[in-house]
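Data first, discussion second: the structure below is written as structure tokens.
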Amino acid sequence: MTGVPLRKRVSVKTLLLVLLCGWLFAALLGVLLQFGLDGQSASVGDALLERNAETASANAVTSVVVSYRGFDTLGEVTVLFLAATGIGLLFGGRRPADGGILGASGTPPNEMVVTGVRLLFPILILLGVYVVLHGHLSPGGGFQGGVIIATAFFLRMLADPAFRLEHGRIGLLESLSGSGFVLMGLLGLTLVGTATFLGNFLPHPVAEMGRLLSAGVIPIIYSLVGVKVGAEVAAIFGDMLERDARQSADPPVEASDA
Amino acid sequence: MLAFLNDPGVLHGIVVLGTLILFFIGLYGLLAKRHLLKVLIGIALMELSVYLLFIGLATSPGETAPILSDGLRSFTHMADPVPQALTLTAIVIGLAVLALGVSLAIQYHRLTGRADVASLTELKEPR
């Protein structure tokens, strides 16, 4: 790579095109930014911040994600599910008999990885569960915590080739948490007087704000989101690693604490 | 010395410039690189710059994170929570879509042995 001169590595035409695009965009911004900035008195965020005490959630971002924009979150989790399904479809299908081009990596994981993962795995799981459960109190929540938990399982899969996620159990976890989310939304729709999807039907006194048990349904919904995101991202990682696991003839080890 | 950064106009200008540069670096990667994975990395860079722009523009100097902790008692002088929530969901979507794209690229490479965008000619009309 170092032997190639810089002129050969950079395609000048594309660079010029990109610079032209950038210049045009900056010029457009320069025109646009002269309008509308002085007339802006309040935004949706300000209004939501003013009302946020009614959700009794100390984290305003969480109350936007789970309560005010909860329906969007449901759609977003659906997109994640579809992507995970697509990846499963791509990697689960019939593969070439010779194992393909990528199937030749049969080296066992090295000792550092194995020992490190043995140390890190419980800590990562604990951190993930903490981040999920404190989503309404501190930065964090279902998405971040779910990804941390999935990372723990990914590291475990890297370190231990015999460790495999059980797809049936992952699917069950995913569908239970997904339908739990919808069920919570429908309960809010029927039980709350204002009849809003994902309405907060559990007691959520403002005085309790900042406690672990506060904000009514918000922590419950965020935990369900956390389980769902964790299961889906772990399934994505598992599908991508499966080629190694399927070729080794070891019996599958159950993911007992998935 | 850095007091001029407390002016929201200056800070937002820096954020816009930086994210624009990052965005166009991503665009260059998307257009100039020919390896499928590098193209996907370019797309991811462009996504990332948009997240940075949203978060950067939503916060003005002097505003805190929209979370009640460390002695804060009311939701005033806080950053706008809506762009943060949108970015939070967008990051997860971006991760999933990137994973889907990478697995498409891997599958294509596994089937054909190629990873060059210029050689993706399976569906091209014969001349």
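By order in the structure tokens, chains are A, B, ...; within a chain, residues start at 1; ligands start at 1, following the order shown.
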
Could the residues of chain A that have an atom at most 7 Å from chain B be listed as a Markdown table, each with its closest atom pair and the distance in Å to one decimal, counting only C-alpha atoms and ordered by chain and ascending residue number?
```
| residue | atom | partner | partner_atom | distance |
| --- | --- | --- | --- | --- |
| A:Ser11 | CA | B:Ala32 | CA | 6.4 |
| A:Thr14 | CA | B:Ala32 | CA | 6.0 |
| A:Leu15 | CA | B:Tyr28 | CA | 6.4 |
| A:Val18 | CA | B:Tyr28 | CA | 6.0 |
| A:Gly22 | CA | B:Phe24 | CA | 6.6 |
| A:Gly45 | CA | B:Asp80 | CA | 4.8 |
| A:Asp46 | CA | B:Asp80 | CA | 6.5 |
| A:Leu49 | CA | B:Phe75 | CA | 5.8 |
| A:Glu50 | CA | B:Phe75 | CA | 6.5 |
| A:Ala58 | CA | B:Leu68 | CA | 4.9 |
| A:Asn59 | CA | B:Ile67 | CA | 4.3 |
| A:Ala60 | CA | B:Pro66 | CA | 5.4 |
| A:Val61 | CA | B:Pro81 | CA | 5.0 |
| A:Val64 | CA | B:Ala85 | CA | 6.5 |
| A:Val65 | CA | B:Ala85 | CA | 5.6 |
| A:Glu76 | CA | B:Thr89 | CA | 6.8 |
| A:Val79 | CA | B:Ile93 | CA | 7.0 |
| A:Leu80 | CA | B:Ala96 | CA | 5.8 |
| A:Ala83 | CA | B:Ala96 | CA | 5.7 |
| A:Gly86 | CA | B:Leu100 | CA | 6.8 |
| A:Ile87 | CA | B:Leu100 | CA | 5.7 |
| A:Gly100 | CA | B:Arg110 | CA | 5.6 |
| A:Ile101 | CA | B:Arg110 | CA | 5.7 |
| A:Leu102 | CA | B:Arg110 | CA | 6.9 |
| A:Ser138 | CA | B:Ile67 | CA | 6.8 |
```

inquiry  = Need the shell around Leu2 (chain B): protein/DNA/RNA residues with any atom at most 12 Å away, counting only C-alpha atoms. Skip same-chain ones fewer than 5 positions apart. Format as number ranges by chain?
reply    = B: 7, 10-11

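Here the question is which of B:Val15, B:Leu123, B:Ala3, B:Leu37 gets nearest to Leu57 (chain B) using only C-alpha atoms, and that residue is B:Val15.
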
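When CA of Gly145 (chain A) is paired with CA of Ser223 (chain A), their separation reads 9.1 Å.
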
key: Backbone-only DSSP, strand (DSSP E or B) members of chain B, as a PyMOL selection string   = chain B and resi 35+64+67+78+116

Go ahead and save the picked residues with N, CA, C and O atoms, as an mmCIF file, in the first residue's frame.
```
data_model
loop_
_atom_site.group_PDB
_atom_site.id
_atom_site.type_symbol
_atom_site.label_atom_id
_atom_site.label_comp_id
_atom_site.auth_asym_id
_atom_site.auth_seq_id
_atom_site.Cartn_x
_atom_site.Cartn_y
_atom_site.Cartn_z
ATOM 1 N N HIS B 35 -14.516 -1.329 -3.197
ATOM 2 C CA HIS B 35 -14.803 -2.504 -2.392
ATOM 3 C C HIS B 35 -16.153 -2.313 -1.696
ATOM 4 O O HIS B 35 -16.444 -1.242 -1.173
ATOM 5 N N THR B 64 -28.030 21.858 30.002
ATOM 6 C CA THR B 64 -27.572 20.560 30.494
ATOM 7 C C THR B 64 -28.316 19.449 29.770
ATOM 8 O O THR B 64 -29.246 19.692 29.011
ATOM 9 N N ILE B 67 -31.869 15.487 31.845
ATOM 10 C CA ILE B 67 -32.047 14.454 32.858
ATOM 11 C C ILE B 67 -31.985 15.116 34.222
ATOM 12 O O ILE B 67 -31.085 15.927 34.481
ATOM 13 N N MET B 78 -32.529 23.067 29.650
ATOM 14 C CA MET B 78 -32.040 21.752 29.252
ATOM 15 C C MET B 78 -32.049 21.657 27.735
ATOM 16 O O MET B 78 -32.772 22.378 27.055
ATOM 17 N N ASP B 116 -16.085 -6.262 -5.735
ATOM 18 C CA ASP B 116 -15.850 -4.989 -6.402
ATOM 19 C C ASP B 116 -17.174 -4.447 -6.938
ATOM 20 O O ASP B 116 -17.910 -5.158 -7.627
#
```

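Counting only C-alpha atoms, the residue from B:Leu53, B:Met1, B:Ile14, B:Ala105 that sits nearest to Val39 (chain B) is B:Ala105.
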
query = Among chain B, which residues carry a DSSP assignment of alpha helix (DSSP H), reported as a PyMOL selection string?
reply = chain B and resi 8-32+36-58+81-112

ask   = Hey, what's within 12 Å of Glu122 (chain B) if we count only C-alpha atoms and toss same-chain stuff fewer than 4 positions away? As a list of chain:residue names, please?
value = B:Tyr108, B:Leu111, B:Thr112, B:Arg114, B:Val117, B:Ala118, B:Pro126

query = Quick one: residues within 9 Å of Val182 (chain A), only C-alpha atoms counted, chain neighbours fewer than 5 positions away excluded, as a ChimeraX atom specification?
reply = /A:74,177,187,198

Selection export as a compact mmCIF listing (two decimals), in the first residue's frame, atoms kept: N, CA, C and O atoms:
```txt
# COMPACT_ATOMS: atom_id res chain seq x y z
N LEU A 74 -42.07 1.62 18.61
CA LEU A 74 -42.59 0.32 18.20
C LEU A 74 -42.24 0.04 16.73
O LEU A 74 -41.76 -1.05 16.38
N SER A 177 -41.38 -10.36 24.16
CA SER A 177 -41.17 -8.95 24.53
C SER A 177 -41.87 -8.02 23.55
O SER A 177 -42.43 -7.00 23.95
N LEU A 187 -53.17 -1.80 26.71
CA LEU A 187 -53.69 -1.60 28.06
C LEU A 187 -53.79 -0.11 28.36
O LEU A 187 -54.79 0.35 28.94
N LEU A 198 -50.03 3.43 24.60
CA LEU A 198 -48.92 3.49 25.55
C LEU A 198 -49.18 4.50 26.66
O LEU A 198 -48.25 5.05 27.24
```
